[in-house]
Amino acid sequence: MSEYLVDTSVWVEFLRGEKISIKKRLENLLDENRAVVTGIILAELLTGIANEKEQRFLEECFLGLPFLEATREIFATAGKMGAALRKKGITMPLSDLLIAALAKTYSLTVLTLDNHFQTLARPVGVQMELLKGF
């Protein structure tokens, strides 16, 4: 069974709790210990929370999950991915490049709601699961 690097877009919907199918999908991954997080995702989530109490709660929730650190090599991989895509006329945010580099390095599947991630994933060989119709 593969592990999933859960993108910010999925966490946002999970925390809102409005879309039951997304909540169940992520709960299943969490129950099976197949969800992984990283610093850029935590940082993106925290920037959207103004309340300190909720920020602490989120940080505590993430403590129980496997956490991937981005090494110098992973940052270099992200930069090379960005350069290769730029040659094809595709510009991607550094955060997405970093997520893709982590997923590729650790053979993870990116779980996302963002359609634009397909533009990034295919050319650089990153596995992804796009949640559609959720």
# chains A, B, ... in the order shown; residues from 1 in each chain; ligands from 1
>>> residues_around(residues="region 23-28 of chain A", least_positions_apart="3", cutoff="12 Å", atoms="only C-alpha atoms", output="ChimeraX atom specification")
/A:3-7,9-20,31-36,111-112,129-131,134
>>> closest_atom_pairs(of="region 26-47 of chain A", to="region 54-57 of chain A", cutoff="12 Å", atoms="only C-alpha atoms", output="CSV")
residue,atom,partner,partner_atom,distance
A:Leu42,CA,A:Gln55,CA,9.9
A:Ala43,CA,A:Gln55,CA,10.3
A:Glu44,CA,A:Gln55,CA,11.5
A:Leu45,CA,A:Gln55,CA,8.7
A:Leu46,CA,A:Gln55,CA,6.1
A:Thr47,CA,A:Gln55,CA,9.0
>>> select_by_dssp(residues="chain A", states="alpha helix (DSSP H)", output="PyMOL selection string")
chain A and resi 8-16+20-31+39-47+52-63+72-87+94-105+117-124
>>> residues_around(residues="region 85-100 of chain A", least_positions_apart="3", cutoff="12 Å", atoms="only C-alpha atoms", output="PyMOL selection string")
chain A and resi 4-9+36-44+68-82+103-112+114+116-128
>>> atom_distance(atom1="CA of Leu30 (chain A)", atom2="CA of Cys61 (chain A)")
11.3 Å
>>> select_by_dssp(residues="region 8-130 of chain A", states="strand (DSSP E)", output="VMD selection string")
chain A and resid 35 to 38 67 to 68 109 to 112 128 to 130
>>> write_last_selection(atoms="N, CA and C atoms", output="JSON list (two decimals), in the first residue's frame")
[["chain", "number", "residue", "atom", "x", "y", "z"],
["A", 35, "ALA", "N", -1.03, 8.65, 5.66],
["A", 35, "ALA", "CA", -0.97, 10.08, 5.36],
["A", 35, "ALA", "C", 0.33, 10.67, 5.90],
["A", 36, "VAL", "N", 0.99, 11.46, 5.08],
["A", 36, "VAL", "CA", 2.27, 12.07, 5.42],
["A", 36, "VAL", "C", 2.14, 13.58, 5.21],
["A", 37, "VAL", "N", 2.83, 14.36, 6.04],
["A", 37, "VAL", "CA", 2.80, 15.82, 5.90],
["A", 37, "VAL", "C", 4.23, 16.35, 5.81],
["A", 38, "THR", "N", 4.31, 17.62, 5.47],
["A", 38, "THR", "CA", 5.61, 18.28, 5.39],
["A", 38, "THR", "C", 5.45, 19.75, 5.77],
["A", 67, "PHE", "N", 6.33, 13.14, 9.35],
["A", 67, "PHE", "CA", 6.67, 14.48, 8.86],
["A", 67, "PHE", "C", 7.95, 14.40, 8.04],
["A", 68, "LEU", "N", 7.88, 14.83, 6.79],
["A", 68, "LEU", "CA", 9.04, 14.79, 5.91],
["A", 68, "LEU", "C", 9.77, 16.12, 5.94],
["A", 109, "THR", "N", 2.34, 9.25, -3.23],
["A", 109, "THR", "CA", 1.30, 9.76, -4.11],
["A", 109, "THR", "C", 0.78, 11.06, -3.52],
["A", 110, "VAL", "N", 0.68, 12.10, -4.33],
["A", 110, "VAL", "CA", 0.13, 13.37, -3.86],
["A", 110, "VAL", "C", -1.39, 13.28, -3.96],
["A", 111, "LEU", "N", -2.05, 13.51, -2.84],
["A", 111, "LEU", "CA", -3.51, 13.56, -2.81],
["A", 111, "LEU", "C", -3.91, 15.02, -2.85],
["A", 112, "THR", "N", -4.64, 15.41, -3.89],
["A", 112, "THR", "CA", -4.94, 16.84, -4.08],
["A", 112, "THR", "C", -6.32, 17.06, -4.67],
["A", 128, "MET", "N", -0.02, 10.97, -8.53],
["A", 128, "MET", "CA", -0.99, 11.82, -7.85],
["A", 128, "MET", "C", -2.38, 11.21, -7.95],
["A", 129, "GLU", "N", -3.20, 11.56, -6.97],
["A", 129, "GLU", "CA", -4.61, 11.19, -7.00],
["A", 129, "GLU", "C", -5.38, 12.48, -6.89],
["A", 130, "LEU", "N", -6.08, 12.80, -7.95],
["A", 130, "LEU", "CA", -6.90, 14.00, -7.99],
["A", 130, "LEU", "C", -8.30, 13.64, -7.55]]
>>> decode(residues="region 80-124 of chain A", atoms="N, CA and C atoms", output="PDB file, in the first residue's frame")
ATOM      1  N   LYS A  80      15.104  22.007 -10.188  1.00  0.00           N
ATOM      2  CA  LYS A  80      15.305  21.397 -11.509  1.00  0.00           C
ATOM      3  C   LYS A  80      13.973  21.074 -12.175  1.00  0.00           C
ATOM      4  N   MET A  81      13.004  20.632 -11.381  1.00  0.00           N
ATOM      5  CA  MET A  81      11.666  20.385 -11.930  1.00  0.00           C
ATOM      6  C   MET A  81      11.086  21.689 -12.483  1.00  0.00           C
ATOM      7  N   GLY A  82      11.229  22.750 -11.722  1.00  0.00           N
ATOM      8  CA  GLY A  82      10.725  24.054 -12.146  1.00  0.00           C
ATOM      9  C   GLY A  82      11.390  24.532 -13.425  1.00  0.00           C
ATOM     10  N   ALA A  83      12.700  24.324 -13.532  1.00  0.00           N
ATOM     11  CA  ALA A  83      13.425  24.735 -14.732  1.00  0.00           C
ATOM     12  C   ALA A  83      12.979  23.928 -15.950  1.00  0.00           C
ATOM     13  N   ALA A  84      12.795  22.618 -15.766  1.00  0.00           N
ATOM     14  CA  ALA A  84      12.357  21.756 -16.872  1.00  0.00           C
ATOM     15  C   ALA A  84      10.951  22.155 -17.343  1.00  0.00           C
ATOM     16  N   LEU A  85      10.076  22.455 -16.387  1.00  0.00           N
ATOM     17  CA  LEU A  85       8.724  22.868 -16.748  1.00  0.00           C
ATOM     18  C   LEU A  85       8.720  24.231 -17.441  1.00  0.00           C
ATOM     19  N   ARG A  86       9.567  25.127 -16.968  1.00  0.00           N
ATOM     20  CA  ARG A  86       9.635  26.470 -17.551  1.00  0.00           C
ATOM     21  C   ARG A  86      10.060  26.406 -19.023  1.00  0.00           C
ATOM     22  N   LYS A  87      10.955  25.447 -19.340  1.00  0.00           N
ATOM     23  CA  LYS A  87      11.371  25.268 -20.732  1.00  0.00           C
ATOM     24  C   LYS A  87      10.192  24.872 -21.612  1.00  0.00           C
ATOM     25  N   LYS A  88       9.181  24.254 -20.993  1.00  0.00           N
ATOM     26  CA  LYS A  88       7.974  23.847 -21.726  1.00  0.00           C
ATOM     27  C   LYS A  88       6.889  24.926 -21.655  1.00  0.00           C
ATOM     28  N   GLY A  89       7.228  26.059 -21.044  1.00  0.00           N
ATOM     29  CA  GLY A  89       6.272  27.152 -20.945  1.00  0.00           C
ATOM     30  C   GLY A  89       5.330  27.042 -19.763  1.00  0.00           C
ATOM     31  N   ILE A  90       5.674  26.198 -18.798  1.00  0.00           N
ATOM     32  CA  ILE A  90       4.822  25.976 -17.623  1.00  0.00           C
ATOM     33  C   ILE A  90       5.500  26.571 -16.398  1.00  0.00           C
ATOM     34  N   THR A  91       4.790  27.434 -15.698  1.00  0.00           N
ATOM     35  CA  THR A  91       5.313  28.013 -14.459  1.00  0.00           C
ATOM     36  C   THR A  91       4.466  27.501 -13.302  1.00  0.00           C
ATOM     37  N   MET A  92       5.127  26.994 -12.275  1.00  0.00           N
ATOM     38  CA  MET A  92       4.446  26.449 -11.100  1.00  0.00           C
ATOM     39  C   MET A  92       4.956  27.136  -9.838  1.00  0.00           C
ATOM     40  N   PRO A  93       4.085  27.264  -8.833  1.00  0.00           N
ATOM     41  CA  PRO A  93       4.535  27.826  -7.552  1.00  0.00           C
ATOM     42  C   PRO A  93       5.600  26.931  -6.912  1.00  0.00           C
ATOM     43  N   LEU A  94       6.537  27.555  -6.235  1.00  0.00           N
ATOM     44  CA  LEU A  94       7.594  26.816  -5.570  1.00  0.00           C
ATOM     45  C   LEU A  94       7.026  25.800  -4.578  1.00  0.00           C
ATOM     46  N   SER A  95       5.938  26.146  -3.901  1.00  0.00           N
ATOM     47  CA  SER A  95       5.343  25.216  -2.937  1.00  0.00           C
ATOM     48  C   SER A  95       4.922  23.913  -3.623  1.00  0.00           C
ATOM     49  N   ASP A  96       4.320  24.011  -4.805  1.00  0.00           N
ATOM     50  CA  ASP A  96       3.915  22.806  -5.530  1.00  0.00           C
ATOM     51  C   ASP A  96       5.118  22.017  -6.023  1.00  0.00           C
ATOM     52  N   LEU A  97       6.140  22.715  -6.454  1.00  0.00           N
ATOM     53  CA  LEU A  97       7.370  22.037  -6.889  1.00  0.00           C
ATOM     54  C   LEU A  97       8.012  21.279  -5.729  1.00  0.00           C
ATOM     55  N   LEU A  98       8.004  21.894  -4.562  1.00  0.00           N
ATOM     56  CA  LEU A  98       8.573  21.251  -3.384  1.00  0.00           C
ATOM     57  C   LEU A  98       7.764  20.014  -2.985  1.00  0.00           C
ATOM     58  N   ILE A  99       6.457  20.123  -3.028  1.00  0.00           N
ATOM     59  CA  ILE A  99       5.596  18.974  -2.729  1.00  0.00           C
ATOM     60  C   ILE A  99       5.868  17.849  -3.725  1.00  0.00           C
ATOM     61  N   ALA A 100       5.976  18.199  -4.998  1.00  0.00           N
ATOM     62  CA  ALA A 100       6.260  17.192  -6.025  1.00  0.00           C
ATOM     63  C   ALA A 100       7.625  16.539  -5.817  1.00  0.00           C
ATOM     64  N   ALA A 101       8.618  17.340  -5.479  1.00  0.00           N
ATOM     65  CA  ALA A 101       9.961  16.797  -5.246  1.00  0.00           C
ATOM     66  C   ALA A 101       9.982  15.844  -4.052  1.00  0.00           C
ATOM     67  N   LEU A 102       9.279  16.200  -2.994  1.00  0.00           N
ATOM     68  CA  LEU A 102       9.184  15.310  -1.826  1.00  0.00           C
ATOM     69  C   LEU A 102       8.486  14.006  -2.196  1.00  0.00           C
ATOM     70  N   ALA A 103       7.385  14.120  -2.925  1.00  0.00           N
ATOM     71  CA  ALA A 103       6.628  12.932  -3.325  1.00  0.00           C
ATOM     72  C   ALA A 103       7.480  12.019  -4.201  1.00  0.00           C
ATOM     73  N   LYS A 104       8.192  12.598  -5.126  1.00  0.00           N
ATOM     74  CA  LYS A 104       9.035  11.796  -6.028  1.00  0.00           C
ATOM     75  C   LYS A 104      10.181  11.135  -5.262  1.00  0.00           C
ATOM     76  N   THR A 105      10.826  11.888  -4.404  1.00  0.00           N
ATOM     77  CA  THR A 105      11.963  11.371  -3.644  1.00  0.00           C
ATOM     78  C   THR A 105      11.559  10.203  -2.750  1.00  0.00           C
ATOM     79  N   TYR A 106      10.396  10.321  -2.110  1.00  0.00           N
ATOM     80  CA  TYR A 106       9.958   9.299  -1.155  1.00  0.00           C
ATOM     81  C   TYR A 106       8.924   8.329  -1.732  1.00  0.00           C
ATOM     82  N   SER A 107       8.730   8.373  -3.057  1.00  0.00           N
ATOM     83  CA  SER A 107       7.777   7.490  -3.749  1.00  0.00           C
ATOM     84  C   SER A 107       6.386   7.549  -3.132  1.00  0.00           C
ATOM     85  N   LEU A 108       5.898   8.762  -2.945  1.00  0.00           N
ATOM     86  CA  LEU A 108       4.572   9.002  -2.384  1.00  0.00           C
ATOM     87  C   LEU A 108       3.612   9.433  -3.481  1.00  0.00           C
ATOM     88  N   THR A 109       2.344   9.255  -3.227  1.00  0.00           N
ATOM     89  CA  THR A 109       1.298   9.758  -4.108  1.00  0.00           C
ATOM     90  C   THR A 109       0.777  11.060  -3.516  1.00  0.00           C
ATOM     91  N   VAL A 110       0.682  12.099  -4.328  1.00  0.00           N
ATOM     92  CA  VAL A 110       0.131  13.366  -3.864  1.00  0.00           C
ATOM     93  C   VAL A 110      -1.387  13.283  -3.956  1.00  0.00           C
ATOM     94  N   LEU A 111      -2.053  13.511  -2.844  1.00  0.00           N
ATOM     95  CA  LEU A 111      -3.508  13.559  -2.806  1.00  0.00           C
ATOM     96  C   LEU A 111      -3.913  15.022  -2.850  1.00  0.00           C
ATOM     97  N   THR A 112      -4.643  15.412  -3.893  1.00  0.00           N
ATOM     98  CA  THR A 112      -4.938  16.836  -4.084  1.00  0.00           C
ATOM     99  C   THR A 112      -6.321  17.059  -4.669  1.00  0.00           C
ATOM    100  N   LEU A 113      -6.795  18.260  -4.520  1.00  0.00           N
ATOM    101  CA  LEU A 113      -8.028  18.720  -5.167  1.00  0.00           C
ATOM    102  C   LEU A 113      -7.712  19.699  -6.295  1.00  0.00           C
ATOM    103  N   ASP A 114      -6.453  20.068  -6.434  1.00  0.00           N
ATOM    104  CA  ASP A 114      -6.045  21.089  -7.397  1.00  0.00           C
ATOM    105  C   ASP A 114      -5.791  20.492  -8.774  1.00  0.00           C
ATOM    106  N   ASN A 115      -6.628  20.861  -9.731  1.00  0.00           N
ATOM    107  CA  ASN A 115      -6.472  20.386 -11.108  1.00  0.00           C
ATOM    108  C   ASN A 115      -5.116  20.747 -11.703  1.00  0.00           C
ATOM    109  N   HIS A 116      -4.598  21.918 -11.339  1.00  0.00           N
ATOM    110  CA  HIS A 116      -3.342  22.359 -11.948  1.00  0.00           C
ATOM    111  C   HIS A 116      -2.170  21.463 -11.572  1.00  0.00           C
ATOM    112  N   PHE A 117      -2.330  20.657 -10.534  1.00  0.00           N
ATOM    113  CA  PHE A 117      -1.235  19.781 -10.134  1.00  0.00           C
ATOM    114  C   PHE A 117      -0.959  18.726 -11.203  1.00  0.00           C
ATOM    115  N   GLN A 118      -1.965  18.392 -12.009  1.00  0.00           N
ATOM    116  CA  GLN A 118      -1.763  17.445 -13.106  1.00  0.00           C
ATOM    117  C   GLN A 118      -0.722  17.971 -14.084  1.00  0.00           C
ATOM    118  N   THR A 119      -0.728  19.277 -14.313  1.00  0.00           N
ATOM    119  CA  THR A 119       0.230  19.902 -15.216  1.00  0.00           C
ATOM    120  C   THR A 119       1.649  19.675 -14.728  1.00  0.00           C
ATOM    121  N   LEU A 120       1.814  19.646 -13.446  1.00  0.00           N
ATOM    122  CA  LEU A 120       3.127  19.440 -12.838  1.00  0.00           C
ATOM    123  C   LEU A 120       3.473  17.957 -12.736  1.00  0.00           C
ATOM    124  N   ALA A 121       2.545  17.154 -12.288  1.00  0.00           N
ATOM    125  CA  ALA A 121       2.836  15.756 -11.956  1.00  0.00           C
ATOM    126  C   ALA A 121       3.256  14.921 -13.156  1.00  0.00           C
ATOM    127  N   ARG A 122       2.530  14.998 -14.235  1.00  0.00           N
ATOM    128  CA  ARG A 122       2.827  14.145 -15.394  1.00  0.00           C
ATOM    129  C   ARG A 122       4.234  14.357 -15.947  1.00  0.00           C
ATOM    130  N   PRO A 123       4.618  15.596 -16.266  1.00  0.00           N
ATOM    131  CA  PRO A 123       5.940  15.782 -16.876  1.00  0.00           C
ATOM    132  C   PRO A 123       7.120  15.403 -15.979  1.00  0.00           C
ATOM    133  N   VAL A 124       6.953  15.476 -14.674  1.00  0.00           N
ATOM    134  CA  VAL A 124       8.082  15.183 -13.782  1.00  0.00           C
ATOM    135  C   VAL A 124       7.987  13.789 -13.152  1.00  0.00           C
TER     136      VAL A 124
END
